[in-house]
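Each remark here refers to the structure printed beneath this line.
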Amino acid sequence: MSADPLLQPFQLKHLTLRNRLMITSHEPAYPEDGLPKDRYRAYHAERAKAGIALTMTAGSASVARDSPPAFNNILAWKDEVVGWMKKLVDECHDHGSAVMIQLTHLGRRTRWDVGDWLPVVSASPEREPAHRAFPKRIEDWDIARIIEDYADAAERMQAAGLDGIELESYGHLMDSFWSPLTNDLDGPYGADSLDNRMRFSFDVLRAIRKRVGDEFIVGIRYVGDEMLAGGIAKAEGMEISRRLKDSGLVDFLNVIRGHIETDAALTNVIPVQGMASAPHLDFAGDIRAETKFPTFHAAKIQDVATARHAVASGKLDMVGMTRAHMADPHIVAKIMRGEEGRIRPCVGANYCLDRIYQGGMALCLHNPSTGRELEQPHEIAKADTPRRFVIVGAGPAGLEAARVAASRGHEVIVHEAANDPGGQVRLTAQTPRRAEMIQLIQWRFEECEKLGVTFRFNSFADAATVMDENPDVVIVATGGIAHTEILPQGNDLVVSAWDILSGDVQPGSNVLIYDDAGDQAALQAAEKIASTGAKVEIMTRDRVFSPEVMGMTLTPAMWALQPLDVTFTVTWKLESVAREGNGLKATIGTDYSDVTRERLVDQVVVNHGTAPLEDLYFDLRESSRNLGEVDYDALIAGAPQEVSRQPDAAFQLFRIGDAVAARNTHAAIYDALRLVRTL
Ligand SMILES: Cc1cc2nc3c(=O)[nH]c(=O)nc-3n(C[C@H](O)[C@H](O)[C@H](O)COP(=O)(O)O)c2cc1C
Ligand code: SF4
């Protein structure tokens, strides 16, 4: 048996977990009708197949109708959930993985205008800023009803054959009783003592035990330190931990540190790129040391070395690597094969989590197969006939195309005009808080090298260069170039956000950034400019700023920008720029009226996305077999591309990523994966 601490089994009551890695509960928002159907099952089964010991399904599966989904959660109050969960459990069990589910009542962390339009409830009428709902102060009949709802849901999960459940008690109803900040009740559940504040939790646990018995595994994921003045502090968190253990009602503690009622607070609990690795690991270790009880924890333990340390040093029994498994479902299999170096690293971009808060399903920025296991399997099948691919551009789209083509057994040559791979991602990664983005490039580049892809750097490939390679397939992944030609007057006086990020243009001292794209580039340019001491205003015609930068991803940007006094102006748009003395006069207007204003600045930066670099594509189009045409039906169905407008032509031509239209990194990589796996 391996001596790797991560690969040692862990005994949790009667349940033997085959190693120390788990996926903590996280709702990827894949349910259909509130039920974990085929997409959901395939997602967990993939990770079970690759060796995860325990997968904690759902995330905030709702036990009651007045806890409507905040992000397309599993509805554990539905009886139909049993059949679907059973299918999922059976499949994961077949692969040797244990399965549990997180159950909760969301309390005030949801909205009343979804589901059945019932009022949300909490232990005080204070609203949660993130979800905005003003709750009803919970009454005795609500408490009695919800206790039974928990027990019903637990019984359903036992009936479905799950190995256990965990209750969620951070930022939801259960801990709204615990925290003096969110409990203003009188009486037996009131704020005046810890006994009273914990009464609801123990009532729920006792009701659950009555239904599921003593053997069924029941754990709790709970806050051990709110890190908030007046809230649950560490000493009280330790006391809560002891009481949970001593109650004999729970079998494991899954430790959370922090509070989650705003995007910024949540970002400290679930750190994103640029933030410290494993910031709460020592805290979780303190709880394990104090309670000597099975302790689980996850928070930016992204790499195997940190996970190994967490177990070897005795801080944790089970290590959650949740987003890491979204980026690479096969971590355990790779550890076991001695291929740790090939693990696709989670870069902390948080595209996965941010998307669910905007109503989308969780997708990984750099693994488009995640959540699409059925239509875009993680494994790439070999092609029947190896062919010669020429790919132009080594940004994320070009590298992914090269990786997939080489995995299919094709011969692959990549031309890149710069002397390094990366394209726009390389520029993005120059801002220290986004430096992890470069791993997205490095991983692909290293995989390509292992697969024998030939790279020709500093090669500005024109049509003749490409044709000289005698390709069977040409993929144009040349990306885009900053697009600033948007004004009737003064285009020659503005610079782009990418000019600032690349260092081609020095920052001004009084700068207007006009942000039409609403993405990270404007914020990164602002940070670079303002950190020189310059005055910076970011302006957008939209009604919110940075609409493409989602909640938790925005947080580190705000941590950087607010201390630098960067200001944000919404609903105003740049109309023209003219010279004025030594500086510039920007005329601004609005979509709402004819009102105009002026700004006197010394630099105007425009962020308006990129225009496709498409010359090469159009130069090659007429000599290609398909005239560049993509059969979208075949693309979506995963079938080969067979358009043949000129049957005698030697090669097929495709373009992908921003060379088609400005989109994002996920779109670029997904373009490449789903096209090239059919070629
Ligand atoms: C898409 C997504 C949804 C999540 N939903 C939940 C949830 O419903 N309940 C919960 O306790 N944690 C949830 N989490 C948090 C994870 O369980 C985990 O604590 C977090 O991702 C930090 O661990 P990691 O750095 O290993 O990813 C979610 C995470 C993600 C990525
Ligand atoms: S989107 Fe980013 S944070 Fe989420 S799993 Fe993928 S790489 Fe990790």
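FYI, nothing fancy with the structure tokens labels: chains A, B, ... in order, residues from 1 per chain, ligands from 1 as they appear.
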
Subject >> Residue contacts of A:Ser313 (10 Å, only C-alpha atoms) excluding same-chain residues fewer than 5 positions away, as a list in words >> reply: Pro5, Gly285 and Arg308 of chain A

Original post:
What's the 7 Å shell around A:Phe177, counting only C-alpha atoms, without same-chain residues fewer than 6 positions away, as number ranges by chain?
Top reply: A: 123, 183, 197-198

With all heavy atoms retained, write the just-selected residues as a JSON list (two decimals), in the first residue's frame.
```
[["chain", "number", "residue", "atom", "x", "y", "z"],
["A", 123, "ALA", "N", -34.00, 34.28, 12.19],
["A", 123, "ALA", "CA", -34.17, 34.52, 13.61],
["A", 123, "ALA", "C", -34.19, 36.01, 13.95],
["A", 123, "ALA", "O", -34.24, 36.39, 15.12],
["A", 123, "ALA", "CB", -33.07, 33.80, 14.39],
["A", 183, "ASN", "N", -29.83, 36.92, 15.74],
["A", 183, "ASN", "CA", -30.90, 36.36, 16.57],
["A", 183, "ASN", "C", -31.40, 37.46, 17.49],
["A", 183, "ASN", "O", -30.67, 37.91, 18.38],
["A", 183, "ASN", "CB", -30.37, 35.17, 17.39],
["A", 183, "ASN", "CG", -31.46, 34.49, 18.20],
["A", 183, "ASN", "OD1", -32.51, 35.10, 18.48],
["A", 183, "ASN", "ND2", -31.22, 33.25, 18.60],
["A", 197, "ARG", "N", -29.56, 29.59, 21.86],
["A", 197, "ARG", "CA", -29.20, 29.82, 20.45],
["A", 197, "ARG", "C", -28.95, 28.50, 19.71],
["A", 197, "ARG", "O", -29.13, 28.42, 18.51],
["A", 197, "ARG", "CB", -27.97, 30.74, 20.37],
["A", 197, "ARG", "CG", -28.31, 32.20, 20.67],
["A", 197, "ARG", "CD", -27.14, 33.12, 20.45],
["A", 197, "ARG", "NE", -26.28, 33.24, 21.60],
["A", 197, "ARG", "CZ", -24.95, 33.12, 21.58],
["A", 197, "ARG", "NH1", -24.33, 32.86, 20.44],
["A", 197, "ARG", "NH2", -24.25, 33.28, 22.66],
["A", 198, "MET", "N", -28.51, 27.48, 20.46],
["A", 198, "MET", "CA", -28.26, 26.18, 19.81],
["A", 198, "MET", "C", -29.46, 25.23, 19.88],
["A", 198, "MET", "O", -29.43, 24.14, 19.32],
["A", 198, "MET", "CB", -27.02, 25.52, 20.42],
["A", 198, "MET", "CG", -25.74, 26.27, 20.07],
["A", 198, "MET", "SD", -24.26, 25.31, 20.44],
["A", 198, "MET", "CE", -24.24, 24.11, 19.12]]
```

**OP:** All residues within 8 Å of ligand 1 are required, counting only C-alpha atoms and all ligand atoms; please report them as JSON, numbers by chain.
**Re:** {"A": [23, 24, 25, 26, 27, 28, 29, 58, 59, 60, 61, 73, 102, 168, 170, 221, 256, 269, 270, 271, 272, 278, 297, 298, 299, 300, 301, 302, 320, 321, 322, 323, 324, 325, 326, 348, 350, 352, 353, 354, 355, 356, 361, 362]}

Would you mind exporting N, CA and C atoms of the selected residues as a compact mmCIF listing (two decimals), in the first residue's frame?
```
# COMPACT_ATOMS: atom_id res chain seq x y z
N ILE A 23 -14.93 15.91 -2.00
CA ILE A 23 -15.50 17.10 -2.64
C ILE A 23 -16.54 17.62 -1.67
N THR A 24 -16.37 18.85 -1.19
CA THR A 24 -17.36 19.39 -0.25
C THR A 24 -18.59 19.82 -1.04
N SER A 25 -19.65 20.01 -0.31
CA SER A 25 -20.92 20.28 -0.98
C SER A 25 -20.82 21.57 -1.78
N HIS A 26 -21.30 21.49 -2.98
CA HIS A 26 -21.29 22.69 -3.82
C HIS A 26 -22.37 22.49 -4.88
N GLU A 27 -23.29 23.41 -4.89
CA GLU A 27 -24.39 23.24 -5.84
C GLU A 27 -23.96 23.80 -7.19
N PRO A 28 -23.77 22.94 -8.18
CA PRO A 28 -23.35 23.46 -9.48
C PRO A 28 -24.52 23.98 -10.32
N ALA A 29 -25.70 23.94 -9.69
CA ALA A 29 -26.91 24.45 -10.37
C ALA A 29 -27.21 23.64 -11.63
N ALA A 58 -25.02 18.03 -3.78
CA ALA A 58 -25.81 19.24 -3.60
C ALA A 58 -24.92 20.33 -3.07
N GLY A 59 -25.45 21.03 -2.21
CA GLY A 59 -24.96 22.25 -1.64
C GLY A 59 -26.27 22.91 -1.37
N SER A 60 -26.56 23.04 -0.07
CA SER A 60 -27.78 23.76 0.29
C SER A 60 -29.03 23.12 -0.32
N ALA A 61 -29.10 21.77 -0.33
CA ALA A 61 -30.35 21.15 -0.80
C ALA A 61 -31.46 21.56 0.18
N ASN A 73 -31.01 24.95 -6.54
CA ASN A 73 -30.60 23.86 -5.64
C ASN A 73 -31.48 22.63 -5.80
N GLN A 102 -25.66 17.68 1.44
CA GLN A 102 -25.84 18.77 2.40
C GLN A 102 -27.30 19.21 2.38
N GLU A 168 -26.13 22.32 6.97
CA GLU A 168 -25.40 23.56 6.70
C GLU A 168 -25.73 24.55 7.79
N TYR A 170 -23.96 27.87 8.29
CA TYR A 170 -23.21 29.14 8.17
C TYR A 170 -23.93 30.01 7.14
N ARG A 221 -21.75 21.17 8.74
CA ARG A 221 -20.80 22.15 8.21
C ARG A 221 -21.19 23.49 8.83
N ILE A 256 -15.99 25.84 8.92
CA ILE A 256 -16.02 27.09 8.13
C ILE A 256 -15.59 28.23 9.03
N VAL A 269 -14.25 33.60 2.83
CA VAL A 269 -14.52 32.21 3.23
C VAL A 269 -14.07 31.25 2.13
N ILE A 270 -14.33 31.66 0.89
CA ILE A 270 -13.97 30.84 -0.28
C ILE A 270 -13.02 31.68 -1.12
N PRO A 271 -11.75 31.66 -0.80
CA PRO A 271 -10.82 32.60 -1.45
C PRO A 271 -10.66 32.31 -2.95
N VAL A 272 -10.44 33.38 -3.69
CA VAL A 272 -10.28 33.28 -5.14
C VAL A 272 -8.82 33.55 -5.50
N ALA A 278 -5.14 28.11 1.40
CA ALA A 278 -5.55 27.44 2.64
C ALA A 278 -5.57 28.36 3.87
N HIS A 297 -12.58 19.93 6.03
CA HIS A 297 -12.48 21.38 5.74
C HIS A 297 -12.05 21.59 4.29
N ALA A 298 -12.56 22.66 3.71
CA ALA A 298 -12.11 23.09 2.37
C ALA A 298 -12.06 24.60 2.33
N ALA A 299 -11.06 25.16 1.73
CA ALA A 299 -10.98 26.59 1.42
C ALA A 299 -9.65 26.83 0.72
N LYS A 300 -9.69 26.83 -0.58
CA LYS A 300 -8.52 27.08 -1.42
C LYS A 300 -7.33 26.17 -1.07
N ILE A 301 -7.64 24.89 -0.90
CA ILE A 301 -6.56 23.90 -0.87
C ILE A 301 -6.53 23.39 -2.30
N GLN A 302 -5.73 24.06 -3.12
CA GLN A 302 -5.81 23.83 -4.57
C GLN A 302 -4.86 22.76 -5.06
N GLY A 320 -11.08 18.80 1.73
CA GLY A 320 -11.94 19.18 0.60
C GLY A 320 -11.11 19.85 -0.48
N MET A 321 -11.18 19.31 -1.68
CA MET A 321 -10.57 19.98 -2.84
C MET A 321 -11.70 20.08 -3.86
N THR A 322 -12.49 21.07 -3.70
CA THR A 322 -13.76 21.10 -4.43
C THR A 322 -13.60 21.72 -5.80
N ARG A 323 -13.19 22.99 -5.85
CA ARG A 323 -12.98 23.59 -7.18
C ARG A 323 -11.84 22.88 -7.90
N ALA A 324 -10.86 22.42 -7.13
CA ALA A 324 -9.76 21.68 -7.78
C ALA A 324 -10.30 20.50 -8.57
N HIS A 325 -11.35 19.85 -8.04
CA HIS A 325 -11.95 18.73 -8.76
C HIS A 325 -12.90 19.17 -9.88
N MET A 326 -13.30 20.43 -9.84
CA MET A 326 -14.05 20.94 -11.00
C MET A 326 -13.07 21.14 -12.15
N GLY A 348 -8.37 29.42 -9.60
CA GLY A 348 -9.08 30.32 -8.70
C GLY A 348 -9.85 31.43 -9.39
N ASN A 350 -12.80 31.44 -10.26
CA ASN A 350 -14.13 31.48 -9.65
C ASN A 350 -15.27 31.69 -10.62
N CYS A 352 -16.79 29.35 -11.90
CA CYS A 352 -17.74 28.31 -11.49
C CYS A 352 -18.75 28.85 -10.49
N LEU A 353 -18.26 29.40 -9.42
CA LEU A 353 -19.14 29.82 -8.33
C LEU A 353 -19.87 31.11 -8.67
N ASP A 354 -19.16 32.04 -9.26
CA ASP A 354 -19.80 33.31 -9.60
C ASP A 354 -20.99 33.10 -10.53
N ARG A 355 -20.86 32.16 -11.44
CA ARG A 355 -21.95 31.96 -12.41
C ARG A 355 -23.26 31.54 -11.75
N ILE A 356 -23.16 30.72 -10.69
CA ILE A 356 -24.43 30.24 -10.12
C ILE A 356 -25.19 31.37 -9.45
N MET A 361 -25.28 27.84 -14.78
CA MET A 361 -24.77 26.64 -14.15
C MET A 361 -23.25 26.77 -13.99
N ALA A 362 -22.71 26.04 -13.02
CA ALA A 362 -21.29 26.16 -12.74
C ALA A 362 -20.49 25.58 -13.90
```

**OP:** Go ahead and compute the interatomic distance for atom CA of A:Thr291 and atom CA of A:Ile220, in Å to one decimal.
**Re:** 14.1 Å

**OP:** Take atom CA of A:Leu365 and atom CA of A:Gln520 and report the distance between them in Å, one decimal.
**Re:**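 Answer for the atom CA of A:Leu365 to atom CA of A:Gln520 separation: 14.3 Å.
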
Original post:
Of the candidates A:Phe445, A:Trp178, A:Tyr514, A:Phe283, which one gets nearest to A:Gly230 if we count only C-alpha atoms?
Top reply: A:Trp178

**OP:** Report the residues of stretch 49-266 of chain A whose backbone DSSP state falls under strand (DSSP E), written as an NGL selection string.
**Re:** :A and (54-62 or 98-104 or 121-122 or 136-137 or 164-169 or 217-225 or 252-257)

List every residue of stretch 364-442 of chain A that has an atom at most 12 Å from any atom of stretch 462-473 of chain A, giving for each one its closest atom pair and the distance in Å to one decimal, counting only C-alpha atoms, sorted by chain and then by ascending residue number, as a Markdown table.
```
| residue | atom | partner | partner_atom | distance |
| --- | --- | --- | --- | --- |
| A:Thr385 | CA | A:Asp472 | CA | 11.2 |
| A:Pro386 | CA | A:Asp472 | CA | 9.8 |
| A:Arg387 | CA | A:Asp472 | CA | 6.0 |
| A:Arg388 | CA | A:Asp472 | CA | 5.2 |
| A:Phe389 | CA | A:Val473 | CA | 4.8 |
| A:Val390 | CA | A:Pro471 | CA | 5.9 |
| A:Ile391 | CA | A:Val473 | CA | 8.3 |
| A:Val392 | CA | A:Val466 | CA | 8.4 |
| A:Gly393 | CA | A:Asp462 | CA | 11.7 |
| A:Ala401 | CA | A:Val473 | CA | 11.3 |
| A:Ala402 | CA | A:Val473 | CA | 11.5 |
| A:Ala405 | CA | A:Val473 | CA | 10.2 |
| A:His410 | CA | A:Val473 | CA | 10.0 |
| A:Glu411 | CA | A:Pro471 | CA | 9.6 |
| A:Val412 | CA | A:Pro471 | CA | 9.4 |
| A:Ile413 | CA | A:Glu469 | CA | 8.5 |
| A:Val414 | CA | A:Val466 | CA | 10.0 |
| A:His415 | CA | A:Val466 | CA | 8.8 |
| A:Glu416 | CA | A:Asp462 | CA | 11.2 |
| A:Ala417 | CA | A:Asp462 | CA | 10.4 |
```

Write out the residues from the selection above, keeping N, CA, C and O atoms, as a PDB file, in the first residue's frame.
```
ATOM      1  N   THR A 385      -8.007   8.471 -38.441  1.00  0.00           N
ATOM      2  CA  THR A 385      -6.914   8.749 -39.378  1.00  0.00           C
ATOM      3  C   THR A 385      -6.128   9.963 -38.898  1.00  0.00           C
ATOM      4  O   THR A 385      -6.676  11.060 -38.844  1.00  0.00           O
ATOM      5  N   PRO A 386      -4.855   9.772 -38.570  1.00  0.00           N
ATOM      6  CA  PRO A 386      -4.067  10.941 -38.158  1.00  0.00           C
ATOM      7  C   PRO A 386      -3.903  11.921 -39.319  1.00  0.00           C
ATOM      8  O   PRO A 386      -3.704  11.496 -40.469  1.00  0.00           O
ATOM      9  N   ARG A 387      -4.020  13.201 -39.012  1.00  0.00           N
ATOM     10  CA  ARG A 387      -3.864  14.227 -40.062  1.00  0.00           C
ATOM     11  C   ARG A 387      -2.886  15.291 -39.575  1.00  0.00           C
ATOM     12  O   ARG A 387      -2.443  15.284 -38.437  1.00  0.00           O
ATOM     13  N   ARG A 388      -2.607  16.231 -40.485  1.00  0.00           N
ATOM     14  CA  ARG A 388      -1.617  17.268 -40.163  1.00  0.00           C
ATOM     15  C   ARG A 388      -2.369  18.574 -39.887  1.00  0.00           C
ATOM     16  O   ARG A 388      -3.055  19.102 -40.773  1.00  0.00           O
ATOM     17  N   PHE A 389      -2.219  19.067 -38.673  1.00  0.00           N
ATOM     18  CA  PHE A 389      -2.917  20.295 -38.266  1.00  0.00           C
ATOM     19  C   PHE A 389      -1.926  21.458 -38.210  1.00  0.00           C
ATOM     20  O   PHE A 389      -0.830  21.302 -37.638  1.00  0.00           O
ATOM     21  N   VAL A 390      -2.316  22.594 -38.775  1.00  0.00           N
ATOM     22  CA  VAL A 390      -1.552  23.820 -38.529  1.00  0.00           C
ATOM     23  C   VAL A 390      -2.465  24.772 -37.772  1.00  0.00           C
ATOM     24  O   VAL A 390      -3.583  25.069 -38.209  1.00  0.00           O
ATOM     25  N   ILE A 391      -1.989  25.194 -36.623  1.00  0.00           N
ATOM     26  CA  ILE A 391      -2.779  26.083 -35.764  1.00  0.00           C
ATOM     27  C   ILE A 391      -2.024  27.395 -35.664  1.00  0.00           C
ATOM     28  O   ILE A 391      -0.811  27.402 -35.406  1.00  0.00           O
ATOM     29  N   VAL A 392      -2.727  28.488 -35.881  1.00  0.00           N
ATOM     30  CA  VAL A 392      -2.054  29.783 -35.801  1.00  0.00           C
ATOM     31  C   VAL A 392      -2.574  30.522 -34.577  1.00  0.00           C
ATOM     32  O   VAL A 392      -3.762  30.854 -34.497  1.00  0.00           O
ATOM     33  N   GLY A 393      -1.661  30.750 -33.650  1.00  0.00           N
ATOM     34  CA  GLY A 393      -2.019  31.429 -32.406  1.00  0.00           C
ATOM     35  C   GLY A 393      -1.888  30.478 -31.238  1.00  0.00           C
ATOM     36  O   GLY A 393      -2.427  29.373 -31.274  1.00  0.00           O
ATOM     37  N   ALA A 401      -6.772  23.819 -28.849  1.00  0.00           N
ATOM     38  CA  ALA A 401      -6.929  23.113 -30.124  1.00  0.00           C
ATOM     39  C   ALA A 401      -5.738  22.179 -30.340  1.00  0.00           C
ATOM     40  O   ALA A 401      -5.898  21.025 -30.751  1.00  0.00           O
ATOM     41  N   ALA A 402      -4.553  22.665 -30.032  1.00  0.00           N
ATOM     42  CA  ALA A 402      -3.347  21.845 -30.216  1.00  0.00           C
ATOM     43  C   ALA A 402      -3.357  20.646 -29.278  1.00  0.00           C
ATOM     44  O   ALA A 402      -3.046  19.517 -29.669  1.00  0.00           O
ATOM     45  N   ALA A 405      -6.076  18.172 -30.513  1.00  0.00           N
ATOM     46  CA  ALA A 405      -5.684  17.530 -31.777  1.00  0.00           C
ATOM     47  C   ALA A 405      -4.563  16.513 -31.526  1.00  0.00           C
ATOM     48  O   ALA A 405      -4.599  15.392 -32.038  1.00  0.00           O
ATOM     49  N   HIS A 410      -3.170  13.395 -33.925  1.00  0.00           N
ATOM     50  CA  HIS A 410      -2.797  14.161 -35.114  1.00  0.00           C
ATOM     51  C   HIS A 410      -1.390  14.752 -34.942  1.00  0.00           C
ATOM     52  O   HIS A 410      -0.911  14.945 -33.819  1.00  0.00           O
ATOM     53  N   GLU A 411      -0.808  15.084 -36.079  1.00  0.00           N
ATOM     54  CA  GLU A 411       0.460  15.824 -36.066  1.00  0.00           C
ATOM     55  C   GLU A 411       0.093  17.306 -35.971  1.00  0.00           C
ATOM     56  O   GLU A 411      -0.759  17.778 -36.744  1.00  0.00           O
ATOM     57  N   VAL A 412       0.720  18.039 -35.052  1.00  0.00           N
ATOM     58  CA  VAL A 412       0.267  19.412 -34.808  1.00  0.00           C
ATOM     59  C   VAL A 412       1.445  20.387 -34.823  1.00  0.00           C
ATOM     60  O   VAL A 412       2.454  20.179 -34.137  1.00  0.00           O
ATOM     61  N   ILE A 413       1.280  21.457 -35.610  1.00  0.00           N
ATOM     62  CA  ILE A 413       2.283  22.530 -35.659  1.00  0.00           C
ATOM     63  C   ILE A 413       1.579  23.822 -35.279  1.00  0.00           C
ATOM     64  O   ILE A 413       0.526  24.155 -35.847  1.00  0.00           O
ATOM     65  N   VAL A 414       2.148  24.534 -34.309  1.00  0.00           N
ATOM     66  CA  VAL A 414       1.538  25.794 -33.863  1.00  0.00           C
ATOM     67  C   VAL A 414       2.482  26.941 -34.205  1.00  0.00           C
ATOM     68  O   VAL A 414       3.663  26.905 -33.842  1.00  0.00           O
ATOM     69  N   HIS A 415       1.960  27.945 -34.900  1.00  0.00           N
ATOM     70  CA  HIS A 415       2.720  29.178 -35.140  1.00  0.00           C
ATOM     71  C   HIS A 415       2.217  30.256 -34.184  1.00  0.00           C
ATOM     72  O   HIS A 415       1.017  30.448 -34.040  1.00  0.00           O
ATOM     73  N   GLU A 416       3.147  30.960 -33.575  1.00  0.00           N
ATOM     74  CA  GLU A 416       2.760  32.034 -32.654  1.00  0.00           C
ATOM     75  C   GLU A 416       3.672  33.232 -32.938  1.00  0.00           C
ATOM     76  O   GLU A 416       4.891  33.104 -32.966  1.00  0.00           O
ATOM     77  N   ALA A 417       3.040  34.401 -33.121  1.00  0.00           N
ATOM     78  CA  ALA A 417       3.808  35.591 -33.478  1.00  0.00           C
ATOM     79  C   ALA A 417       4.702  36.067 -32.329  1.00  0.00           C
ATOM     80  O   ALA A 417       5.797  36.595 -32.541  1.00  0.00           O
TER      81      ALA A 417
END
```

Original post:
Between A:Val595, A:Met550, A:Ile232, A:Leu561, which one has atoms that come closest to ligand 2, using only C-alpha atoms and all ligand atoms?
Top reply: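 Of A:Val595, A:Met550, A:Ile232, A:Leu561, the one nearest ligand 2 is A:Met550, counting only C-alpha atoms and all ligand atoms.
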
Subject >> For A:Pro294, the nearest of the candidates A:Thr532, A:Thr182, A:Asn582, A:Asn254, counting only C-alpha atoms >> reply: A:Asn254

Subject >> Selection near A:Phe134, 10 Å with only C-alpha atoms, sequence-local residues under 4 positions removed, as number ranges by chain >> reply: A: 108-112, 119-122, 124-129

Original post:
What is the distance, in Å and to one decimal place, between atom CA of A:Gln158 and atom CA of A:Val212?
Top reply: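 Result for atom CA of A:Gln158 versus atom CA of A:Val212: 6.9 Å, one decimal.
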
**OP:** Could you give me, as a ChimeraX atom specification, the residues within 9 Å of A:Ala64, counting only C-alpha atoms and dropping anything in the same chain fewer than 5 positions from it?
**Re:** /A:75-77,104-106,145-146,149-150,153

Export of prior selection with all heavy atoms as a compact mmCIF listing (two decimals), in the first residue's frame:
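Saved the output as again19.txt:
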```txt
# COMPACT_ATOMS: atom_id res chain seq x y z
N LEU A 75 -34.14 20.16 -4.54
CA LEU A 75 -35.28 20.35 -3.64
C LEU A 75 -35.49 19.05 -2.87
O LEU A 75 -36.17 18.12 -3.34
CB LEU A 75 -36.52 20.75 -4.44
CG LEU A 75 -36.33 22.03 -5.28
CD1 LEU A 75 -37.57 22.37 -6.07
CD2 LEU A 75 -35.90 23.22 -4.40
N ALA A 76 -34.90 19.00 -1.67
CA ALA A 76 -34.92 17.76 -0.89
C ALA A 76 -36.29 17.54 -0.24
O ALA A 76 -36.52 16.51 0.38
CB ALA A 76 -33.82 17.80 0.17
N TRP A 77 -37.17 18.54 -0.39
CA TRP A 77 -38.52 18.34 0.16
C TRP A 77 -39.42 17.57 -0.82
O TRP A 77 -40.54 17.19 -0.49
CB TRP A 77 -39.18 19.68 0.54
CG TRP A 77 -39.16 20.75 -0.51
CD1 TRP A 77 -38.25 21.76 -0.60
CD2 TRP A 77 -40.08 20.92 -1.60
NE1 TRP A 77 -38.53 22.56 -1.68
CE2 TRP A 77 -39.66 22.07 -2.31
CE3 TRP A 77 -41.21 20.24 -2.04
CZ2 TRP A 77 -40.32 22.54 -3.45
CZ3 TRP A 77 -41.87 20.71 -3.16
CH2 TRP A 77 -41.42 21.84 -3.86
N THR A 104 -30.27 21.84 4.05
CA THR A 104 -30.37 23.13 4.74
C THR A 104 -31.74 23.75 4.61
O THR A 104 -32.54 23.38 3.74
CB THR A 104 -29.34 24.14 4.20
OG1 THR A 104 -29.15 25.18 5.16
CG2 THR A 104 -29.77 24.75 2.88
N HIS A 105 -31.98 24.70 5.48
CA HIS A 105 -33.01 25.71 5.25
C HIS A 105 -32.24 27.00 5.06
O HIS A 105 -31.46 27.41 5.93
CB HIS A 105 -33.96 25.81 6.44
CG HIS A 105 -35.14 26.68 6.15
ND1 HIS A 105 -35.04 28.02 5.89
CD2 HIS A 105 -36.46 26.38 6.02
CE1 HIS A 105 -36.25 28.51 5.64
NE2 HIS A 105 -37.13 27.53 5.70
N LEU A 106 -32.44 27.64 3.91
CA LEU A 106 -31.60 28.79 3.55
C LEU A 106 -31.87 30.03 4.41
O LEU A 106 -31.09 30.99 4.38
CB LEU A 106 -31.79 29.15 2.08
CG LEU A 106 -31.13 28.18 1.08
CD1 LEU A 106 -31.86 28.19 -0.25
CD2 LEU A 106 -29.67 28.53 0.87
N ARG A 145 -42.52 23.27 12.23
CA ARG A 145 -42.68 22.79 10.84
C ARG A 145 -41.30 22.47 10.23
O ARG A 145 -41.11 21.42 9.62
CB ARG A 145 -43.38 23.92 10.06
CG ARG A 145 -43.42 23.81 8.57
CD ARG A 145 -44.25 24.97 7.99
NE ARG A 145 -43.69 26.31 8.23
CZ ARG A 145 -42.70 26.86 7.55
NH1 ARG A 145 -42.11 26.17 6.60
NH2 ARG A 145 -42.26 28.08 7.83
N ILE A 146 -40.35 23.36 10.42
CA ILE A 146 -39.05 23.20 9.75
C ILE A 146 -38.25 22.05 10.37
O ILE A 146 -37.54 21.33 9.67
CB ILE A 146 -38.28 24.56 9.76
CG1 ILE A 146 -39.03 25.57 8.88
CG2 ILE A 146 -36.86 24.37 9.25
CD1 ILE A 146 -38.56 27.01 9.00
N ASP A 149 -39.47 19.20 8.62
CA ASP A 149 -38.97 19.22 7.23
C ASP A 149 -37.56 18.64 7.15
O ASP A 149 -37.23 17.89 6.23
CB ASP A 149 -38.95 20.65 6.68
CG ASP A 149 -40.35 21.19 6.39
OD1 ASP A 149 -41.26 20.37 6.16
OD2 ASP A 149 -40.51 22.43 6.39
N TYR A 150 -36.71 19.03 8.11
CA TYR A 150 -35.35 18.48 8.13
C TYR A 150 -35.38 16.97 8.27
O TYR A 150 -34.67 16.24 7.57
CB TYR A 150 -34.56 19.06 9.32
CG TYR A 150 -33.76 20.32 9.05
CD1 TYR A 150 -34.19 21.57 9.48
CD2 TYR A 150 -32.53 20.25 8.39
CE1 TYR A 150 -33.45 22.72 9.26
CE2 TYR A 150 -31.76 21.38 8.18
CZ TYR A 150 -32.23 22.62 8.61
OH TYR A 150 -31.47 23.74 8.39
N ALA A 153 -36.50 15.24 5.11
CA ALA A 153 -35.46 15.25 4.06
C ALA A 153 -34.37 14.23 4.38
O ALA A 153 -33.89 13.51 3.50
CB ALA A 153 -34.88 16.65 3.92
```

Original post:
Using only C-alpha atoms, which residue out of A:Asp251, A:Glu139, A:Asp492, A:Asp195 lies closest to A:Ile165?
Top reply: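 The answer is A:Asp251, which sits nearest to A:Ile165.
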